[in-house]
>>> print(open('input.pdb').read())   # PDB, C-alpha atoms
ATOM      1  CA  MET A 166     -89.448-145.328 -68.035
ATOM      2  CA  THR A 167     -87.837-143.445 -70.948
ATOM      3  CA  ILE A 168     -89.583-142.671 -74.198
ATOM      4  CA  ASP A 169     -86.346-143.218 -76.151
ATOM      5  CA  ASN A 170     -86.452-146.950 -75.486
ATOM      6  CA  ASP A 171     -89.854-147.304 -77.171
ATOM      7  CA  ILE A 172     -89.791-144.584 -79.814
ATOM      8  CA  GLY A 173     -90.731-146.998 -82.591
ATOM      9  CA  LEU A 174     -93.829-148.268 -80.821
ATOM     10  CA  LEU A 175     -94.770-144.727 -79.817
ATOM     11  CA  GLU A 176     -94.567-143.546 -83.423
ATOM     12  CA  ARG A 177     -96.781-146.426 -84.548
ATOM     13  CA  THR A 178     -99.262-145.650 -81.772
ATOM     14  CA  LEU A 179     -99.473-141.946 -82.624
ATOM     15  CA  ALA A 180     -99.807-142.762 -86.319
ATOM     16  CA  ALA A 181    -102.694-145.123 -85.562
ATOM     17  CA  LEU A 182    -104.400-142.498 -83.388
ATOM     18  CA  GLY A 183    -104.136-140.006 -86.262
ATOM     19  CA  ARG A 184    -104.096-136.819 -84.210
ATOM     20  CA  PRO A 185    -101.866-134.912 -81.760
ATOM     21  CA  ALA A 186    -101.567-136.549 -78.340
ATOM     22  CA  TRP A 187    -103.352-133.657 -76.608
ATOM     23  CA  GLU A 188    -106.406-134.113 -78.862
ATOM     24  CA  VAL A 189    -106.749-137.894 -78.371
ATOM     25  CA  THR A 190    -110.059-139.013 -76.854
ATOM     26  CA  PRO A 191    -111.076-142.263 -75.094
ATOM     27  CA  GLU A 192    -112.921-143.208 -78.293
ATOM     28  CA  ASP A 193    -109.630-142.920 -80.223
ATOM     29  CA  ILE A 194    -107.968-145.321 -77.782
ATOM     30  CA  ASP A 195    -110.908-147.733 -78.139
ATOM     31  CA  ARG A 196    -110.654-147.535 -81.928
ATOM     32  CA  VAL A 197    -106.931-148.298 -82.039
ATOM     33  CA  VAL A 198    -107.205-151.232 -79.627
ATOM     34  CA  GLY A 199    -110.185-152.558 -81.583
ATOM     35  CA  ASP A 200    -108.305-152.261 -84.878
ATOM     36  CA  LEU A 201    -105.384-154.194 -83.399
ATOM     37  CA  ALA A 202    -107.762-156.974 -82.364
ATOM     38  CA  VAL A 203    -109.300-157.084 -85.851
ATOM     39  CA  LYS A 204    -105.796-157.352 -87.334
ATOM     40  CA  GLY A 205    -105.116-160.352 -85.097
ATOM     41  CA  ARG A 206    -102.552-158.726 -82.819
ATOM     42  CA  SER A 207    -102.145-160.709 -79.612
ATOM     43  CA  THR A 208    -103.756-159.708 -76.316
ATOM     44  CA  SER A 209    -100.260-159.210 -74.882
ATOM     45  CA  THR A 210     -99.332-156.763 -77.660
ATOM     46  CA  ARG A 211    -102.394-154.505 -77.526
ATOM     47  CA  PRO A 212    -101.753-153.199 -73.988
ATOM     48  CA  GLU A 213     -98.266-152.146 -75.063
ATOM     49  CA  TYR A 214     -99.803-149.500 -77.343
ATOM     50  CA  VAL A 215    -101.937-148.164 -74.496
ATOM     51  CA  GLN A 216     -99.006-148.270 -72.066
ATOM     52  CA  ILE A 217     -96.610-146.382 -74.336
ATOM     53  CA  PHE A 218     -99.195-143.701 -75.058
ATOM     54  CA  LYS A 219    -100.024-143.335 -71.376
ATOM     55  CA  GLY A 220     -96.328-142.921 -70.556
ATOM     56  CA  PHE A 221     -95.895-140.320 -73.301
ATOM     57  CA  HIS A 222     -98.990-138.439 -72.117
ATOM     58  CA  ARG A 223     -97.583-138.362 -68.566
ATOM     59  CA  PHE A 224     -94.353-136.944 -69.976
ATOM     60  CA  LEU A 225     -96.309-134.184 -71.729
ATOM     61  CA  GLN A 226     -98.254-133.402 -68.558
ATOM     62  CA  ALA A 227     -95.058-133.166 -66.515
ATOM     63  CA  ARG A 228     -92.899-131.229 -68.995
ATOM     64  CA  LYS A 229     -95.061-129.562 -71.640
ATOM     65  CA  ALA A 230     -98.523-128.979 -70.154
ATOM     66  CA  ALA A 231     -98.144-125.200 -69.822
ATOM     67  CA  GLU A 232     -96.747-124.804 -73.346
ATOM     68  CA  ILE A 233     -99.514-126.931 -74.899
ATOM     69  CA  GLU A 234    -102.241-125.028 -73.058
ATOM     70  CA  ALA A 235    -100.764-121.691 -74.092
ATOM     71  CA  ALA A 236    -100.363-122.708 -77.730
ATOM     72  CA  PHE A 237    -103.551-124.728 -78.288
ATOM     73  CA  GLY A 238    -105.836-123.824 -75.385
ATOM     74  CA  VAL A 239    -106.010-127.459 -74.323
ATOM     75  CA  ARG A 240    -105.658-128.697 -70.758
ATOM     76  CA  LEU A 241    -104.096-132.149 -70.816
ATOM     77  CA  VAL A 242    -106.348-134.933 -69.501
ATOM     78  CA  CYS A 243    -105.253-138.517 -70.109
ATOM     79  CA  PRO A 244    -107.836-140.318 -72.302
ATOM     80  CA  VAL A 245    -106.837-143.753 -70.971
ATOM     81  CA  ASP A 246    -109.640-144.571 -68.532
ATOM     82  CA  VAL A 247    -110.949-147.603 -66.624
ATOM     83  CA  PHE A 248    -112.792-148.768 -69.722
ATOM     84  CA  ASN A 249    -109.905-148.955 -72.171
ATOM     85  CA  ALA A 250    -106.927-149.464 -69.853
ATOM     86  CA  SER A 251    -105.458-152.919 -69.615
ATOM     87  CA  ARG A 252    -105.666-154.376 -66.132
ATOM     88  CA  HIS A 253    -101.865-154.254 -66.099
ATOM     89  CA  VAL A 254    -101.288-150.728 -67.392
ATOM     90  CA  GLY A 255     -99.461-148.506 -64.947
ATOM     91  CA  ASP A 256     -99.796-147.901 -61.247
ATOM     92  CA  GLU A 257    -103.384-146.728 -61.617
ATOM     93  CA  SER A 258    -104.537-150.017 -63.126
ATOM     94  CA  PRO A 259    -108.220-150.800 -62.486
ATOM     95  CA  ALA A 260    -107.115-154.084 -60.883
ATOM     96  CA  LEU A 261    -105.597-152.032 -58.049
ATOM     97  CA  VAL A 262    -108.761-149.990 -57.541
ATOM     98  CA  PRO A 263    -111.349-151.500 -55.172
ATOM     99  CA  PRO A 264    -114.419-152.771 -57.033
ATOM    100  CA  PRO A 265    -117.726-150.954 -56.499
ATOM    101  CA  THR A 266    -119.399-151.760 -53.210
ATOM    102  CA  PRO A 267    -122.674-153.706 -53.156
ATOM    103  CA  GLU A 268    -124.399-150.473 -52.136
ATOM    104  CA  ARG A 269    -122.951-148.574 -55.117
ATOM    105  CA  VAL A 270    -123.913-151.379 -57.511
ATOM    106  CA  GLU A 271    -127.478-151.482 -56.180
ATOM    107  CA  GLU A 272    -127.758-147.703 -56.514
ATOM    108  CA  PHE A 273    -126.740-148.053 -60.146
ATOM    109  CA  PHE A 274    -129.265-150.827 -60.759
ATOM    110  CA  ASP A 275    -131.961-148.703 -59.101
ATOM    111  CA  PHE A 276    -131.090-145.950 -61.579
ATOM    112  CA  MET A 277    -131.397-148.451 -64.431
ATOM    113  CA  LYS A 278    -134.804-149.663 -63.208
ATOM    114  CA  GLN A 279    -136.075-146.093 -63.122
ATOM    115  CA  ARG A 280    -134.701-145.560 -66.618
ATOM    116  CA  ILE A 281    -136.658-148.563 -67.935
ATOM    117  CA  ALA A 282    -139.876-146.783 -66.983
ATOM    118  CA  THR A 283    -138.939-143.560 -68.794
ATOM    119  CA  ALA A 284    -136.693-144.692 -71.671
ATOM    120  CA  ARG A 285    -137.865-143.985 -75.210
ATOM    121  CA  LYS A 286    -137.216-147.630 -76.090
ATOM    122  CA  TYR A 287    -138.233-150.135 -73.434
ATOM    123  CA  GLY A 288    -136.457-153.132 -74.998
ATOM    124  CA  PRO A 289    -132.838-151.905 -75.036
ATOM    125  CA  ALA A 290    -133.150-150.304 -71.582
ATOM    126  CA  ALA A 291    -134.561-153.504 -70.084
ATOM    127  CA  ARG A 292    -131.987-155.620 -71.922
ATOM    128  CA  ASP A 293    -129.152-153.501 -70.497
ATOM    129  CA  TYR A 294    -130.521-153.968 -66.988
ATOM    130  CA  ALA A 295    -130.712-157.764 -67.342
ATOM    131  CA  MET A 296    -127.310-157.955 -69.041
ATOM    132  CA  PHE A 297    -125.410-155.990 -66.399
ATOM    133  CA  ARG A 298    -127.248-157.865 -63.662
ATOM    134  CA  THR A 299    -125.901-161.022 -65.284
ATOM    135  CA  LEU A 300    -122.346-159.694 -65.389
ATOM    136  CA  TYR A 301    -122.543-158.827 -61.697
ATOM    137  CA  HIS A 302    -124.372-161.823 -60.211
ATOM    138  CA  ALA A 303    -122.785-164.478 -62.433
ATOM    139  CA  GLY A 304    -119.341-162.868 -62.595
ATOM    140  CA  LEU A 305    -119.170-163.192 -66.373
ATOM    141  CA  ARG A 306    -116.687-161.571 -68.693
ATOM    142  CA  SER A 307    -118.264-159.233 -71.259
ATOM    143  CA  GLU A 308    -117.378-161.551 -74.120
ATOM    144  CA  GLU A 309    -118.871-164.543 -72.309
ATOM    145  CA  ALA A 310    -122.148-162.671 -71.853
ATOM    146  CA  SER A 311    -122.169-161.534 -75.476
ATOM    147  CA  LEU A 312    -121.920-165.157 -76.667
ATOM    148  CA  LEU A 313    -124.799-166.490 -74.561
ATOM    149  CA  ASP A 314    -127.787-167.898 -76.422
ATOM    150  CA  LYS A 315    -131.318-168.265 -75.084
ATOM    151  CA  PRO A 316    -130.955-172.074 -74.711
ATOM    152  CA  ASP A 317    -127.960-171.436 -72.417
ATOM    153  CA  VAL A 318    -130.380-170.322 -69.676
ATOM    154  CA  HIS A 319    -131.406-173.487 -67.805
ATOM    155  CA  CYS A 320    -133.986-172.381 -65.244
ATOM    156  CA  SER A 321    -134.704-175.920 -63.981
ATOM    157  CA  ARG A 322    -131.093-177.005 -63.453
ATOM    158  CA  GLY A 323    -130.179-177.020 -59.747
ATOM    159  CA  PRO A 324    -131.917-175.076 -56.978
ATOM    160  CA  PHE A 325    -131.438-171.682 -58.687
ATOM    161  CA  GLY A 326    -131.080-172.549 -62.348
ATOM    162  CA  LYS A 327    -127.789-172.281 -64.225
ATOM    163  CA  LEU A 328    -126.163-170.502 -67.137
ATOM    164  CA  HIS A 329    -124.186-172.645 -69.545
ATOM    165  CA  VAL A 330    -121.181-170.507 -70.404
ATOM    166  CA  ARG A 331    -120.096-172.404 -73.507
ATOM    167  CA  PHE A 332    -117.363-169.976 -74.507
ATOM    168  CA  GLY A 333    -115.532-169.500 -71.223
ATOM    169  CA  LYS A 334    -112.042-168.083 -71.512
ATOM    170  CA  GLY A 335    -109.386-170.782 -71.862
ATOM    171  CA  ALA A 336    -105.713-170.626 -70.978
ATOM    172  CA  HIS A 337    -103.308-169.596 -73.758
ATOM    173  CA  THR A 338    -104.319-171.591 -76.869
ATOM    174  CA  SER A 339    -106.460-174.220 -75.146
ATOM    175  CA  GLY A 340    -109.689-172.963 -76.688
ATOM    176  CA  PRO A 341    -113.021-172.249 -74.939
ATOM    177  CA  ARG A 342    -113.468-173.667 -71.452
ATOM    178  CA  PRO A 343    -117.191-174.244 -70.792
ATOM    179  CA  ARG A 344    -118.632-174.008 -67.281
ATOM    180  CA  TRP A 345    -121.982-173.949 -65.484
ATOM    181  CA  VAL A 346    -122.745-170.855 -63.390
ATOM    182  CA  PRO A 347    -125.628-170.828 -60.866
ATOM    183  CA  MET A 348    -128.107-167.968 -61.160
ATOM    184  CA  ILE A 349    -127.877-166.848 -57.533
ATOM    185  CA  ASP A 350    -128.862-163.597 -55.802
ATOM    186  CA  GLY A 351    -132.134-163.436 -57.726
ATOM    187  CA  LEU A 352    -130.530-163.605 -61.158
ATOM    188  CA  ASP A 353    -132.903-166.442 -62.025
ATOM    189  CA  LEU A 354    -135.883-164.110 -61.524
ATOM    190  CA  VAL A 355    -134.271-161.367 -63.609
ATOM    191  CA  LEU A 356    -133.568-163.701 -66.517
ATOM    192  CA  ARG A 357    -137.023-165.321 -66.365
ATOM    193  CA  TRP A 358    -138.539-161.833 -66.628
ATOM    194  CA  PHE A 359    -136.138-160.943 -69.434
ATOM    195  CA  LEU A 360    -136.955-164.062 -71.466
ATOM    196  CA  ASP A 361    -140.707-163.732 -70.943
ATOM    197  CA  ASP A 362    -141.232-159.993 -71.249
ATOM    198  CA  VAL A 363    -138.207-158.337 -72.887
ATOM    199  CA  ARG A 364    -136.523-160.698 -75.342
ATOM    200  CA  PRO A 365    -139.716-161.155 -77.462
ATOM    201  CA  LYS A 366    -139.558-157.431 -78.261
ATOM    202  CA  PHE A 367    -136.401-158.063 -80.332
ATOM    203  CA  PRO A 368    -136.304-159.959 -83.653
ATOM    204  CA  ASP A 369    -136.223-163.716 -83.157
ATOM    205  CA  SER A 370    -132.829-165.443 -83.040
ATOM    206  CA  PRO A 371    -130.923-167.649 -80.567
ATOM    207  CA  VAL A 372    -128.886-164.705 -79.180
ATOM    208  CA  LEU A 373    -129.731-163.913 -75.548
ATOM    209  CA  PHE A 374    -128.610-160.283 -75.285
ATOM    210  CA  ALA A 375    -129.171-159.135 -78.866
ATOM    211  CA  ASP A 376    -128.937-155.706 -80.422
ATOM    212  CA  GLU A 377    -131.929-154.192 -82.195
ATOM    213  CA  SER A 378    -131.042-155.902 -85.464
ATOM    214  CA  ASP A 379    -130.812-159.189 -83.548
ATOM    215  CA  GLY A 380    -127.051-159.424 -83.858
ATOM    216  CA  THR A 381    -124.618-160.269 -81.089
ATOM    217  CA  LEU A 382    -123.477-157.424 -78.864
ATOM    218  CA  HIS A 383    -119.698-157.133 -79.107
ATOM    219  CA  ARG A 384    -117.830-156.889 -75.794
ATOM    220  CA  GLY A 385    -116.706-153.381 -76.807
ATOM    221  CA  THR A 386    -120.345-152.426 -77.292
ATOM    222  CA  ILE A 387    -121.151-153.739 -73.816
ATOM    223  CA  ARG A 388    -118.358-151.652 -72.357
ATOM    224  CA  ASN A 389    -119.540-148.571 -74.255
ATOM    225  CA  ARG A 390    -123.140-149.151 -73.130
ATOM    226  CA  LEU A 391    -122.013-149.162 -69.504
ATOM    227  CA  ARG A 392    -119.954-146.014 -70.047
ATOM    228  CA  TYR A 393    -122.996-144.302 -71.596
ATOM    229  CA  LEU A 394    -125.219-145.346 -68.688
ATOM    230  CA  MET A 395    -122.639-144.097 -66.192
ATOM    231  CA  GLU A 396    -122.684-140.729 -67.898
ATOM    232  CA  LEU A 397    -126.493-140.645 -67.737
ATOM    233  CA  ASP A 398    -126.349-141.551 -64.057
ATOM    234  CA  GLY A 399    -124.303-138.403 -63.509
ATOM    235  CA  ARG A 400    -122.044-139.699 -60.762
ATOM    236  CA  PRO A 401    -118.464-138.371 -60.465
ATOM    237  CA  ALA A 402    -115.740-140.235 -62.334
ATOM    238  CA  SER A 403    -114.440-141.722 -59.077
ATOM    239  CA  GLU A 404    -117.725-143.658 -58.676
ATOM    240  CA  ARG A 405    -117.817-145.103 -62.185
ATOM    241  CA  PHE A 406    -116.788-148.659 -62.971
ATOM    242  CA  SER A 407    -116.207-150.984 -65.903
ATOM    243  CA  PRO A 408    -117.752-154.353 -66.818
ATOM    244  CA  HIS A 409    -114.638-156.051 -65.491
ATOM    245  CA  ALA A 410    -115.083-154.235 -62.171
ATOM    246  CA  LEU A 411    -118.532-155.846 -61.891
ATOM    247  CA  ARG A 412    -116.833-159.253 -62.206
ATOM    248  CA  ARG A 413    -114.410-158.351 -59.429
ATOM    249  CA  ALA A 414    -117.299-157.024 -57.347
ATOM    250  CA  CYS A 415    -119.026-160.391 -57.786
ATOM    251  CA  ALA A 416    -115.950-162.204 -56.440
ATOM    252  CA  THR A 417    -115.640-159.829 -53.478
ATOM    253  CA  HIS A 418    -119.378-159.893 -52.693
ATOM    254  CA  ASN A 419    -119.457-163.697 -52.562
ATOM    255  CA  TYR A 420    -116.223-163.934 -50.574
ATOM    256  CA  GLU A 421    -117.557-161.525 -47.953
ATOM    257  CA  HIS A 422    -120.673-163.687 -47.695
ATOM    258  CA  ASP A 423    -118.576-166.733 -46.809
ATOM    259  CA  VAL A 424    -118.837-168.483 -50.177
ATOM    260  CA  ASP A 425    -115.986-170.969 -50.456
ATOM    261  CA  LEU A 426    -113.064-169.576 -52.440
ATOM    262  CA  VAL A 427    -112.896-172.672 -54.648
ATOM    263  CA  ALA A 428    -116.591-172.228 -55.477
ATOM    264  CA  ILE A 429    -115.913-168.613 -56.506
ATOM    265  CA  GLN A 430    -112.979-169.817 -58.610
ATOM    266  CA  GLN A 431    -115.208-172.267 -60.467
ATOM    267  CA  MET A 432    -117.936-169.666 -60.850
ATOM    268  CA  LEU A 433    -115.563-167.146 -62.444
ATOM    269  CA  GLY A 434    -113.811-169.763 -64.564
ATOM    270  CA  HIS A 435    -110.312-169.175 -63.189
ATOM    271  CA  TRP A 436    -107.647-171.847 -63.542
ATOM    272  CA  THR A 437    -106.217-171.232 -60.068
ATOM    273  CA  VAL A 438    -107.419-169.943 -56.702
ATOM    274  CA  SER A 439    -104.554-167.440 -56.737
ATOM    275  CA  SER A 440    -106.150-165.749 -59.766
ATOM    276  CA  THR A 441    -109.433-165.493 -57.883
ATOM    277  CA  MET A 442    -107.730-164.001 -54.839
ATOM    278  CA  ARG A 443    -106.406-161.152 -56.990
ATOM    279  CA  TYR A 444    -110.033-160.263 -57.719
ATOM    280  CA  VAL A 445    -111.111-160.184 -54.083
ATOM    281  CA  ARG A 446    -110.859-156.783 -52.375
ATOM    282  CA  PRO A 447    -112.688-157.002 -49.031
ATOM    283  CA  SER A 448    -114.228-153.889 -47.523
ATOM    284  CA  ALA A 449    -112.488-151.824 -44.854
ATOM    285  CA  THR A 450    -114.642-153.444 -42.118
ATOM    286  CA  PHE A 451    -114.252-157.014 -43.397
ATOM    287  CA  ILE A 452    -112.208-158.193 -40.388
ATOM    288  CA  GLU A 453    -114.593-156.632 -37.875
ATOM    289  CA  ASP A 454    -117.628-158.040 -39.682
ATOM    290  CA  ALA A 455    -116.080-161.520 -39.794
ATOM    291  CA  TYR A 456    -115.235-161.296 -36.082
ATOM    292  CA  GLN A 457    -118.788-160.286 -35.174
ATOM    293  CA  ARG A 458    -120.224-163.164 -37.219
ATOM    294  CA  ALA A 459    -117.863-165.603 -35.516
ATOM    295  CA  VAL A 460    -118.765-164.336 -32.040
ATOM    296  CA  ALA A 461    -122.480-164.390 -32.873
ATOM    297  CA  GLY A 462    -122.151-167.963 -34.139
ATOM    298  CA  THR A 463    -120.347-169.073 -30.988
ATOM    299  CA  LEU A 464    -122.951-167.444 -28.722
ATOM    300  CA  ALA A 465    -125.735-169.062 -30.718
ATOM    301  CA  GLU A 466    -124.160-172.495 -30.188
ATOM    302  CA  LEU A 467    -123.753-171.870 -26.445
ATOM    303  CA  THR A 468    -127.198-170.421 -25.822
ATOM    304  CA  GLY A 469    -129.216-172.156 -28.513
ATOM    305  CA  LYS A 470    -130.441-168.770 -29.734
ATOM    306  CA  ASP A 471    -129.809-166.981 -33.009
ATOM    307  CA  THR A 472    -128.065-163.750 -31.951
ATOM    308  CA  THR A 473    -127.888-162.424 -35.512
ATOM    309  CA  ALA A 474    -131.665-162.056 -35.891
TER     310      ALA A 474
END
>>> encode(input="input.pdb", output="structure tokens")
Amino acid sequence: MTIDNDIGLLERTLAALGRPAWEVTPEDIDRVVGDLAVKGRSTSTRPEYVQIFKGFHRFLQARKAAEIEAAFGVRLVCPVDVFNASRHVGDESPALVPPPTPERVEEFFDFMKQRIATARKYGPAARDYAMFRTLYHAGLRSEEASLLDKPDVHCSRGPFGKLHVRFGKGAHTSGPRPRWVPMIDGLDLVLRWFLDDVRPKFPDSPVLFADESDGTLHRGTIRNRLRYLMELDGRPASERFSPHALRRACATHNYEHDVDLVAIQQMLGHWTVSSTMRYVRPSATFIEDAYQRAVAGTLAELTGKDTTA
């Protein structure tokens, strides 16, 4: 790409950031994208600001890094990270990065459980645990989770209970697309515990995952909460993930456990199976694991014994 072709957009982006490119932080990127959303700029326009800045920052790293470090004592590190990058920004887009493995996700949830026992405020720590469990096991978007109310949890509906996602993402200008999502993988137990033991510690209102003033958690707040928890966890940057990565991990986890692809599509609220397939990133041993399951199933049919036990 060439900067000359987009100089106008770049100037607007730098003006909105309000500081030299080498001093921009991830929080500055979040602020600008958030301001664009408040001003009603379309979801297709906002990533253009992030993309043009990322391209300009790469130019500085390639051509001016030594001069900037000598003059200002700053080593250039791109502030566009997995939390504020569009899924379609550049070759390092989070959509091209494998989602966290089930083992990595469980390690993170173990960390969160330990934190509940030691956190200064039990309520917010326990709420975060239940909320991110919901994002992972139900495959919800952050905004969908933020708009859940307590009556949307239907524990007696179906064999596992279901979440009524009333504000599911619609296509283009079609408006919300509601769907029912089963509370599988023990999510029903987590949410029963949350409703019985945790939610009463917040002021009373219909909101399911409320903040301490009983308002709705914005999707940006959810993303920032996860970033904060990742920093507390102390893992290297390569092992950190975003709320959207939890949604992709949900799709991959269920696909690897032989859940029908159409069922995963309906669970995630996608319009097409092809969209769901872009979320699925099987593990490196997926083929071998599938082969072993198939062989074990065939032997079980021939011998009448369960060879997987």
>>> closest_residue(input="input.pdb", among="A:Val245, A:Phe276, A:Lys229, A:His319", to="Gly399 in chain A", atoms="only C-alpha atoms")
A:Phe276
>>> resolve_selection(input="input.pdb", expression="the PyMOL selection byres ((chain A and resi 326) around 12)", output="number ranges by chain")
A: 303, 317-325, 327-329, 345-357
>>> residues_around(input="input.pdb", residues="Gly199 in chain A", least_positions_apart="5", cutoff="12 Å", atoms="all atoms listed in the file", output="PyMOL selection string")
chain A and resi 181-182+192-194+204-208+211-212+214-215+249+383-386
>>> atom_distance(input="input.pdb", atom1="CA of Ser311 in chain A", atom2="CA of Lys366 in chain A")
18.1 Å
>>> resolve_selection(input="input.pdb", expression="the PyMOL selection byres ((chain A and resi 407-416) around 9)", output="ChimeraX atom specification")
/A:247-248,259-260,262-267,270,297,300-307,387-388,391-392,405-406,417-421,426,429-430,432-433,441-446
>>> residues_around(input="input.pdb", residues="Leu241 in chain A", least_positions_apart="6", cutoff="12 Å", atoms="only C-alpha atoms", output="PyMOL selection string")
chain A and resi 185-190+219+221-235
>>> atom_distance(input="input.pdb", atom1="CA of Arg177 in chain A", atom2="CA of Val198 in chain A")
12.5 Å
>>> closest_residue(input="input.pdb", among="A:Glu213, A:Glu466, A:Glu377, A:Asp423", to="Leu174 in chain A", atoms="all atoms listed in the file")
A:Glu213
>>> atom_distance(input="input.pdb", atom1="CA of Leu373 in chain A", atom2="CA of Ala290 in chain A")
14.6 Å
>>> residues_around(input="input.pdb", residues="range 272-275 of chain A", least_positions_apart="3", cutoff="9 Å", atoms="all atoms listed in the file", output="JSON, numbers by chain")
{"A": [267, 268, 269, 278, 279, 280, 294, 297, 298, 395, 398]}
>>> decode(input="input.pdb", residues="range 283-341 of chain A", atoms="C-alpha atoms", output="tab-separated table (two decimals), in the first residue's frame")
chain	number	residue	atom	x	y	z
A	283	THR	CA	-8.66	-13.53	46.85
A	284	ALA	CA	-10.21	-10.52	45.06
A	285	ARG	CA	-10.98	-7.44	47.13
A	286	LYS	CA	-14.49	-7.41	45.68
A	287	TYR	CA	-16.12	-10.81	45.34
A	288	GLY	CA	-19.04	-9.65	43.17
A	289	PRO	CA	-17.19	-8.21	40.15
A	290	ALA	CA	-14.63	-11.05	40.14
A	291	ALA	CA	-17.36	-13.69	40.21
A	292	ARG	CA	-19.40	-11.81	37.61
A	293	ASP	CA	-16.40	-11.71	35.26
A	294	TYR	CA	-15.94	-15.46	35.63
A	295	ALA	CA	-19.59	-16.20	34.81
A	296	MET	CA	-19.64	-13.68	31.95
A	297	PHE	CA	-16.57	-15.02	30.16
A	298	ARG	CA	-17.75	-18.57	30.74
A	299	THR	CA	-20.93	-17.53	28.94
A	300	LEU	CA	-19.02	-16.02	26.02
A	301	TYR	CA	-17.03	-19.23	25.65
A	302	HIS	CA	-19.66	-21.94	26.17
A	303	ALA	CA	-22.53	-20.14	24.42
A	304	GLY	CA	-20.40	-18.54	21.70
A	305	LEU	CA	-21.92	-15.11	22.28
A	306	ARG	CA	-20.70	-11.81	20.93
A	307	SER	CA	-19.72	-9.30	23.63
A	308	GLU	CA	-22.63	-7.03	22.77
A	309	GLU	CA	-25.09	-9.94	22.92
A	310	ALA	CA	-23.87	-10.83	26.41
A	311	SER	CA	-24.04	-7.21	27.55
A	312	LEU	CA	-27.72	-7.01	26.54
A	313	LEU	CA	-28.83	-10.15	28.39
A	314	ASP	CA	-31.35	-9.71	31.18
A	315	LYS	CA	-31.96	-12.08	34.08
A	316	PRO	CA	-35.27	-13.33	32.57
A	317	ASP	CA	-33.31	-14.37	29.46
A	318	VAL	CA	-31.86	-17.31	31.43
A	319	HIS	CA	-34.36	-20.17	31.08
A	320	CYS	CA	-33.01	-22.99	33.24
A	321	SER	CA	-36.00	-25.31	32.62
A	322	ARG	CA	-36.09	-25.01	28.83
A	323	GLY	CA	-34.68	-28.14	27.16
A	324	PRO	CA	-32.32	-30.67	28.73
A	325	PHE	CA	-29.67	-28.06	29.62
A	326	GLY	CA	-31.61	-24.83	29.84
A	327	LYS	CA	-31.32	-22.06	27.26
A	328	LEU	CA	-30.33	-18.43	26.89
A	329	HIS	CA	-32.70	-16.21	24.96
A	330	VAL	CA	-30.41	-13.96	22.95
A	331	ARG	CA	-32.97	-11.30	22.08
A	332	PHE	CA	-30.51	-8.92	20.44
A	333	GLY	CA	-28.61	-11.26	18.15
A	334	LYS	CA	-26.69	-9.58	15.36
A	335	GLY	CA	-28.76	-9.19	12.19
A	336	ALA	CA	-27.57	-8.87	8.61
A	337	HIS	CA	-27.06	-5.33	7.27
A	338	THR	CA	-30.14	-3.31	8.33
A	339	SER	CA	-32.42	-6.23	9.20
A	340	GLY	CA	-32.44	-5.44	12.91
A	341	PRO	CA	-31.87	-7.84	15.84
